[in-house]
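Report on one structure; see the data block that follows.
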Amino acid sequence: MFNQPVHRKTACNQVRCPGTNFYLMSSKAKKSANGAKINLERGQIAKARVMKFIKASPNDHDSSVLLKIGGTTVLMHRTEMVGYPRFKAEQVLKANQEVEVEIIKVAENGQVRVSTKVLAFKRTIAQIEPGMVVEAEVLRATNYGYFVHIGGGVEGLLHNNDMCDDEDDEDAEYPQKESLEIGSNVQVVILSFAPDGSRLALGRWQIFASTENRF
């Protein structure tokens with residue numbers, strides 16, 4: 001799987017919450033008089049600690065997560081976790097674990113929602129570029145290729161036209177394309193993607209082509 005990007009330094013100050021090991025990455029963060037709470041703003045990155053798993057609504061089958069950022073309790077809905085629904089909250093997190101999150105919503109009533117998915121997605125997209133070879137997990141097959149996951153919640157399309165020929169059919173005039181097993185890991189090359197990380201196109205045969213014929 002594509003390695004998670006190394007955290008980069010930002011121009012924001014690291015503000016430590018008194019009595020904890022939490023750091024809020026924001027130059028606008030302000031501690032309250034008693035040091036228990038911090039003003040949180042959308043787009044900020046913070047370190048949070050897992051409190052417990054809850055059902056966000058009576059109809060939910062899977063758990064969401066309550067976390068603490070300093071003295072502030074925040075909700076991470078199950079859909080904002082990297083890997084959901086393939087992986088449930090209890091499979092990837094445990095009580096008292098520290099995680100890094102992005103603030104995605106601050107309501108007028110003070111309720112705060114956070115996401116690991118948004119943060120991981122942005123960091124992964126910032127690390128990749130056309131021509132880079134990464135490891136991907138095969139998620140599902142379609143008539144026109146496979147969708148694969150390269151890490152950080154980033155999925156892309158491995159189109160039939162960009163796959164290798166089947167080894168047993170290479171000498172045929174119109175060889176069949178290789179068949180990939182769902183859940184297997186394969187090497188792919190980044191071909192292109194939109195600035196926002198969408199429409200990620202991946203290839204296989206380009207990895208093994210001669211240098212002058214690549215891409």
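Ordered as shown in the structure tokens, chains take letters A, B, and onward, while each chain numbers its residues from 1 and ligands are numbered from 1 in the order shown.
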
Write out as a tab-separated table (two decimals) with N, CA and C atoms, in the first residue's frame each polymer residue whose atoms come within 8 Å of A:Glu137, counting only C-alpha atoms; drop sequence neighbours fewer than 5 positions from it.
```
chain	number	residue	atom	x	y	z
A	1	MET	N	0.85	-1.20	0.00
A	1	MET	CA	0.00	0.00	0.00
A	1	MET	C	0.88	1.24	0.00
A	148	VAL	N	-9.05	0.53	-7.80
A	148	VAL	CA	-8.04	0.14	-6.81
A	148	VAL	C	-7.84	1.27	-5.81
A	149	HIS	N	-7.29	0.92	-4.66
A	149	HIS	CA	-7.04	1.88	-3.57
A	149	HIS	C	-5.54	2.01	-3.39
A	150	ILE	N	-5.03	3.25	-3.45
A	150	ILE	CA	-3.58	3.47	-3.33
A	150	ILE	C	-3.17	3.98	-1.96
A	182	ILE	N	-9.58	-9.74	-6.60
A	182	ILE	CA	-10.07	-8.75	-5.64
A	182	ILE	C	-9.37	-8.97	-4.29
A	183	GLY	N	-8.86	-7.89	-3.74
A	183	GLY	CA	-8.15	-7.96	-2.47
A	183	GLY	C	-6.65	-8.12	-2.61
A	184	SER	N	-6.18	-8.38	-3.82
A	184	SER	CA	-4.74	-8.54	-4.04
A	184	SER	C	-4.07	-7.17	-4.17
A	185	ASN	N	-2.76	-7.13	-3.98
A	185	ASN	CA	-1.97	-5.91	-4.13
A	185	ASN	C	-1.17	-5.99	-5.42
A	186	VAL	N	-1.20	-4.91	-6.19
A	186	VAL	CA	-0.47	-4.86	-7.46
A	186	VAL	C	0.22	-3.51	-7.58
```

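Considering the residues A:Gly110, A:Gly145, A:Gly43, A:Gly197 and counting only C-alpha atoms, A:Ile128 has its shortest atom-to-atom contact with A:Gly197.
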
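Pairwise distance (atom CA of A:Gly70, atom CA of A:Glu102) equals 14.5 Å.
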
Subject >> Backbone-only DSSP, strand (DSSP E) members of stretch 18-210 of chain A, as number ranges by chain >> reply: A: 23-25, 45-54, 64-69, 72-76, 98-106, 112-115, 133-142, 145-151, 154-159, 185-192, 201-203

Please produce a file of the residues just selected, as a tab-separated table (two decimals), in the first residue's frame, where the atoms kept are C-alpha atoms.
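The file below, selection.tsv, is the result:
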```tsv
chain	number	residue	atom	x	y	z
A	23	TYR	CA	-1.43	20.07	19.75
A	24	LEU	CA	-3.75	22.17	17.63
A	25	MET	CA	-2.18	23.20	14.34
A	45	ILE	CA	-5.66	20.04	11.95
A	46	ALA	CA	-5.61	18.73	15.50
A	47	LYS	CA	-4.53	15.76	17.55
A	48	ALA	CA	-7.44	14.07	19.32
A	49	ARG	CA	-7.87	11.17	21.71
A	50	VAL	CA	-10.48	8.43	21.27
A	51	MET	CA	-13.07	8.47	24.07
A	52	LYS	CA	-15.65	5.88	23.03
A	53	PHE	CA	-17.63	4.39	20.16
A	54	ILE	CA	-21.27	5.40	19.76
A	64	SER	CA	-19.04	6.52	15.02
A	65	VAL	CA	-16.40	7.89	17.40
A	66	LEU	CA	-16.35	10.51	20.15
A	67	LEU	CA	-12.96	12.18	20.59
A	68	LYS	CA	-11.41	14.84	22.80
A	69	ILE	CA	-9.38	17.77	21.55
A	72	THR	CA	-13.63	19.85	23.66
A	73	THR	CA	-15.64	16.75	22.73
A	74	VAL	CA	-15.97	16.23	18.97
A	75	LEU	CA	-17.71	13.67	16.76
A	76	MET	CA	-16.12	11.70	13.97
A	98	GLU	CA	-4.35	9.45	19.70
A	99	VAL	CA	-5.27	10.33	16.11
A	100	GLU	CA	-4.77	13.34	13.87
A	101	VAL	CA	-7.94	14.83	12.40
A	102	GLU	CA	-9.15	17.76	10.32
A	103	ILE	CA	-11.99	19.96	11.56
A	104	ILE	CA	-14.65	19.77	8.84
A	105	LYS	CA	-17.61	21.47	10.54
A	106	VAL	CA	-18.20	23.83	13.46
A	112	VAL	CA	-17.71	20.03	16.07
A	113	ARG	CA	-17.23	17.28	13.48
A	114	VAL	CA	-13.87	15.96	12.38
A	115	SER	CA	-12.45	13.61	9.74
A	133	VAL	CA	4.76	3.79	-9.20
A	134	VAL	CA	2.78	2.82	-6.09
A	135	GLU	CA	1.24	-0.30	-4.62
A	136	ALA	CA	-2.53	-0.59	-4.81
A	137	GLU	CA	-5.21	-2.89	-3.45
A	138	VAL	CA	-7.73	-4.21	-5.98
A	139	LEU	CA	-11.22	-3.29	-4.75
A	140	ARG	CA	-13.71	-4.23	-7.45
A	141	ALA	CA	-14.00	-5.16	-11.11
A	142	THR	CA	-16.07	-3.50	-13.83
A	145	GLY	CA	-11.30	-2.30	-15.70
A	146	TYR	CA	-10.66	-2.30	-11.97
A	147	PHE	CA	-10.99	0.21	-9.19
A	148	VAL	CA	-8.04	0.14	-6.81
A	149	HIS	CA	-7.04	1.88	-3.57
A	150	ILE	CA	-3.58	3.47	-3.33
A	151	GLY	CA	-3.83	4.55	0.32
A	154	VAL	CA	-7.73	7.54	-2.58
A	155	GLU	CA	-9.21	5.29	-5.26
A	156	GLY	CA	-8.48	5.25	-8.97
A	157	LEU	CA	-9.39	3.45	-12.17
A	158	LEU	CA	-7.11	0.91	-13.79
A	159	HIS	CA	-8.65	0.85	-17.26
A	185	ASN	CA	-1.97	-5.91	-4.13
A	186	VAL	CA	-0.47	-4.86	-7.46
A	187	GLN	CA	1.91	-2.21	-8.68
A	188	VAL	CA	0.39	0.64	-10.68
A	189	VAL	CA	1.72	3.84	-12.16
A	190	ILE	CA	0.04	7.22	-11.74
A	191	LEU	CA	-1.05	8.45	-15.18
A	192	SER	CA	-3.14	11.53	-14.39
A	201	ALA	CA	-6.11	7.24	-13.88
A	202	LEU	CA	-3.68	4.37	-13.31
A	203	GLY	CA	-1.74	2.01	-15.54
```

**OP:** Determine, counting only C-alpha atoms, which protein, DNA and RNA residues have an atom within 7 Å of an atom of stretch 120-125 of chain A; residues of the same chain fewer than 2 positions away are not included. Present the result as a PyMOL selection string.
**Re:** chain A and resi 4-5+116-118+127-128+152-154+197

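Picture a line from atom CA of A:Ser198 to atom CA of A:Ala126; it runs 12.6 Å.
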
**OP:** Name the residues of stretch 102-177 of chain A that come out as helix (DSSP H, G or I) in a backbone DSSP run; write them as a PyMOL selection string.
**Re:** chain A and resi 117-127+160-162+167-169

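Each of A:Glu178, A:Glu129, A:Glu108, A:Asp62 was compared to A:Pro85 using only C-alpha atoms, and A:Asp62 turns out to be the nearest.
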
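Shortest separation to A:Glu41 among A:Asn160, A:Gln111, A:Gln206, A:Asn143 occurs at residue A:Gln111, atoms counted being only C-alpha atoms.
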
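In this model, the gap between atom CA of A:Arg42 and atom CA of A:Arg86 comes to 27.0 Å.
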